[in-house]
Amino acid sequence: MLNNSRLKENRTTRAIVTNMLLAAVSLFVNGFGVYLTIQANIGAGPWDVLNLGLSKTLGILYGTASVAISYAILGVDIALKEPIGIAMFIDAFVVGKAVDFFNKINVVPKCDSVPKGVVVMLIGLVIMAYTQYTYMSASLGCGPRDTLLVALAKRANKIPIGAVSIALLSLATFIGWLLGGPVGIGTLICAFATGPIMQMAFSSVKFDATHVHHQHLADSVKVFANRKVA
């Protein structure tokens, strides 16, 4: 059952600003979860293999690479005429730069063994799952990558979305690997455990992501302009 009390109405400027802050804080903590999966040092998640590969190739920070790729994907989402929300722009920037922040202060050293790495990675995935819930509950849009997945699935005719997801993640991993990104057992853990862990987290707080009505950017602008949103 959906916990409707957790869903956010974005009918006023104050509500939207409050939920933008909720999304930003959630995504910052989500960045800590991503940071842990990288520090696990057993191979990064598919998208992070790409981010780290680009970072290594161009000699730039992880966050800079992440932001560049996120906004590039957001551009594709817009070109495909997918629904865009304010939080998508926040997502594209905050997560990557949060990882840079935690790297700078060196909160958690890189793991030096596989068992320790697996534990740290799983902790990171759990943090990411719960912050995904709080971020999505702000009802201001999903992440650029999730939106791209949905867009591709809609255009893939009868191909299941799971198959589309595997193809997209495989492509990101392959390109990242070519660029020198770290591929290992952690990559497989991220690819196959992220979904079940997220489902467990959502179930524990009685949250159904399919029932969230995300506000489109145009409607958010109308609210800021004091125009009624139906």
# chains A, B, ... in the order shown; residues from 1 in each chain; ligands from 1
>>> residues_around(residues="Ala98 of chain A", least_positions_apart="6", cutoff="12 Å", atoms="only C-alpha atoms", output="ChimeraX atom specification")
/A:24-36,61-64,66-67,90-92,104-105
>>> residues_around(residues="segment 180-195 of chain A", least_positions_apart="5", cutoff="9 Å", atoms="only C-alpha atoms", output="PyMOL selection string")
chain A and resi 37-38+40-46+48-57+114+117-118+121-122+125-126+128-129+166+169+173+175+200
>>> write_last_selection(atoms="N, CA, C and O atoms", output="short mmCIF file (atom, residue, chain, number, x, y, z; two decimals), in the first residue's frame")
data_model
loop_
_atom_site.label_atom_id
_atom_site.label_comp_id
_atom_site.auth_asym_id
_atom_site.auth_seq_id
_atom_site.Cartn_x
_atom_site.Cartn_y
_atom_site.Cartn_z
N THR A 37 30.00 2.86 -2.61
CA THR A 37 30.12 1.79 -3.61
C THR A 37 31.43 1.90 -4.38
O THR A 37 31.99 0.89 -4.81
N ILE A 38 31.94 3.11 -4.53
CA ILE A 38 33.22 3.31 -5.21
C ILE A 38 34.38 2.94 -4.28
O ILE A 38 35.33 2.27 -4.69
N ALA A 40 34.34 0.85 -2.04
CA ALA A 40 34.37 -0.60 -1.81
C ALA A 40 35.54 -1.23 -2.57
O ALA A 40 36.08 -2.27 -2.18
N ASN A 41 35.91 -0.58 -3.69
CA ASN A 41 37.13 -0.96 -4.42
C ASN A 41 37.07 -2.37 -4.99
O ASN A 41 38.07 -3.08 -5.03
N ILE A 42 35.88 -2.78 -5.41
CA ILE A 42 35.73 -4.12 -6.00
C ILE A 42 35.06 -4.01 -7.38
O ILE A 42 34.49 -4.98 -7.88
N GLY A 43 35.14 -2.82 -7.97
CA GLY A 43 34.46 -2.57 -9.23
C GLY A 43 33.24 -1.71 -8.98
O GLY A 43 32.49 -1.95 -8.04
N ALA A 44 33.06 -0.69 -9.78
CA ALA A 44 31.96 0.25 -9.57
C ALA A 44 30.69 -0.19 -10.29
O ALA A 44 30.71 -1.11 -11.11
N GLY A 45 29.58 0.49 -9.95
CA GLY A 45 28.33 0.25 -10.65
C GLY A 45 28.44 0.67 -12.11
O GLY A 45 29.34 1.46 -12.46
N PRO A 46 27.57 0.16 -12.98
CA PRO A 46 27.66 0.44 -14.42
C PRO A 46 27.83 1.91 -14.79
O PRO A 46 28.75 2.25 -15.55
N ASP A 48 28.79 4.32 -12.86
CA ASP A 48 30.00 4.86 -12.26
C ASP A 48 31.26 4.36 -12.96
O ASP A 48 32.30 5.03 -12.92
N VAL A 49 31.18 3.19 -13.58
CA VAL A 49 32.30 2.75 -14.42
C VAL A 49 32.51 3.78 -15.54
O VAL A 49 33.64 4.17 -15.84
N LEU A 50 31.40 4.24 -16.10
CA LEU A 50 31.47 5.26 -17.16
C LEU A 50 31.98 6.59 -16.61
O LEU A 50 32.87 7.22 -17.20
N ASN A 51 31.43 7.02 -15.47
CA ASN A 51 31.86 8.28 -14.87
C ASN A 51 33.35 8.26 -14.52
O ASN A 51 34.09 9.21 -14.80
N LEU A 52 33.79 7.17 -13.90
CA LEU A 52 35.19 7.05 -13.49
C LEU A 52 36.11 6.90 -14.70
O LEU A 52 37.24 7.40 -14.69
N GLY A 53 35.62 6.21 -15.73
CA GLY A 53 36.42 6.07 -16.95
C GLY A 53 36.63 7.41 -17.62
O GLY A 53 37.75 7.73 -18.05
N LEU A 54 35.56 8.20 -17.71
CA LEU A 54 35.68 9.53 -18.31
C LEU A 54 36.57 10.42 -17.46
O LEU A 54 37.39 11.20 -17.98
N SER A 55 36.42 10.31 -16.14
CA SER A 55 37.24 11.09 -15.22
C SER A 55 38.73 10.77 -15.42
O SER A 55 39.57 11.68 -15.49
N LYS A 56 39.04 9.49 -15.55
CA LYS A 56 40.42 9.06 -15.72
C LYS A 56 40.97 9.50 -17.07
O LYS A 56 42.11 9.99 -17.17
N THR A 57 40.17 9.37 -18.10
CA THR A 57 40.61 9.71 -19.46
C THR A 57 40.88 11.20 -19.62
O THR A 57 41.88 11.61 -20.24
N VAL A 114 38.12 -8.08 -0.49
CA VAL A 114 36.82 -8.29 -1.14
C VAL A 114 35.68 -8.38 -0.13
O VAL A 114 34.64 -7.74 -0.31
N GLY A 117 34.89 -5.03 1.08
CA GLY A 117 34.34 -4.26 -0.03
C GLY A 117 32.88 -4.59 -0.29
O GLY A 117 32.07 -3.71 -0.57
N VAL A 118 32.53 -5.87 -0.20
CA VAL A 118 31.14 -6.28 -0.43
C VAL A 118 30.22 -5.66 0.61
O VAL A 118 29.14 -5.16 0.30
N MET A 121 29.89 -1.94 -0.03
CA MET A 121 29.07 -1.70 -1.22
C MET A 121 27.59 -1.89 -0.91
O MET A 121 26.74 -1.09 -1.33
N LEU A 122 27.25 -2.93 -0.17
CA LEU A 122 25.85 -3.19 0.18
C LEU A 122 25.29 -2.08 1.06
O LEU A 122 24.13 -1.67 0.89
N LEU A 125 24.49 0.74 -1.24
CA LEU A 125 23.27 0.49 -2.01
C LEU A 125 22.01 0.69 -1.17
O LEU A 125 20.99 1.18 -1.68
N VAL A 126 22.08 0.33 0.11
CA VAL A 126 20.93 0.55 1.00
C VAL A 126 20.69 2.04 1.20
O VAL A 126 19.54 2.51 1.15
N MET A 128 21.51 4.40 -0.86
CA MET A 128 21.00 4.91 -2.13
C MET A 128 19.51 4.60 -2.30
O MET A 128 18.74 5.41 -2.81
N ALA A 129 19.10 3.41 -1.85
CA ALA A 129 17.70 3.01 -1.99
C ALA A 129 16.77 3.89 -1.16
O ALA A 129 15.74 4.36 -1.65
N ILE A 166 19.15 -3.82 -19.08
CA ILE A 166 20.39 -4.59 -19.16
C ILE A 166 21.25 -4.08 -20.33
O ILE A 166 22.48 -3.92 -20.20
N LEU A 169 22.70 -0.57 -19.35
CA LEU A 169 23.76 -0.69 -18.34
C LEU A 169 25.00 -1.36 -18.93
O LEU A 169 26.13 -0.99 -18.60
N THR A 173 28.66 0.31 -19.11
CA THR A 173 29.80 -0.41 -18.54
C THR A 173 30.90 -0.62 -19.58
O THR A 173 32.09 -0.42 -19.30
N ILE A 175 31.54 1.08 -22.41
CA ILE A 175 32.21 2.33 -22.77
C ILE A 175 33.12 2.78 -21.62
O ILE A 175 34.26 3.21 -21.84
N MET A 200 13.05 -3.61 -1.46
CA MET A 200 12.99 -3.88 -0.03
C MET A 200 12.83 -2.59 0.75
O MET A 200 12.01 -2.49 1.68
#
>>> select_by_dssp(residues="segment 126-221 of chain A", states="alpha helix (DSSP H)", output="JSON, numbers by chain")
{"A": [126, 127, 128, 129, 130, 131, 132, 133, 134, 135, 136, 144, 145, 146, 147, 148, 149, 150, 151, 152, 153, 154, 155, 161, 162, 163, 164, 165, 166, 167, 168, 169, 170, 171, 172, 173, 174, 175, 176, 177, 178, 185, 186, 187, 188, 189, 190, 191, 192, 193, 194, 195, 196, 197, 198, 199, 200, 201, 202, 203, 204, 217, 218, 219, 220, 221]}
>>> closest_residue(among="A:Leu179, A:Val119, A:Leu217, A:Met88", to="Tyr71 of chain A", atoms="only C-alpha atoms")
A:Met88
>>> closest_residue(among="A:Ser139, A:Asn106, A:Ser113, A:Ser70", to="Ser220 of chain A", atoms="only C-alpha atoms")
A:Ser139
>>> closest_residue(among="A:Asp112, A:Asp146, A:Glu9, A:Asp77", to="Gln39 of chain A", atoms="only C-alpha atoms")
A:Asp112
>>> atom_distance(atom1="atom CA of Val94 of chain A", atom2="atom CA of Ala23 of chain A")
9.6 Å
>>> atom_distance(atom1="atom CA of Leu74 of chain A", atom2="atom CA of Gly143 of chain A")
8.6 Å
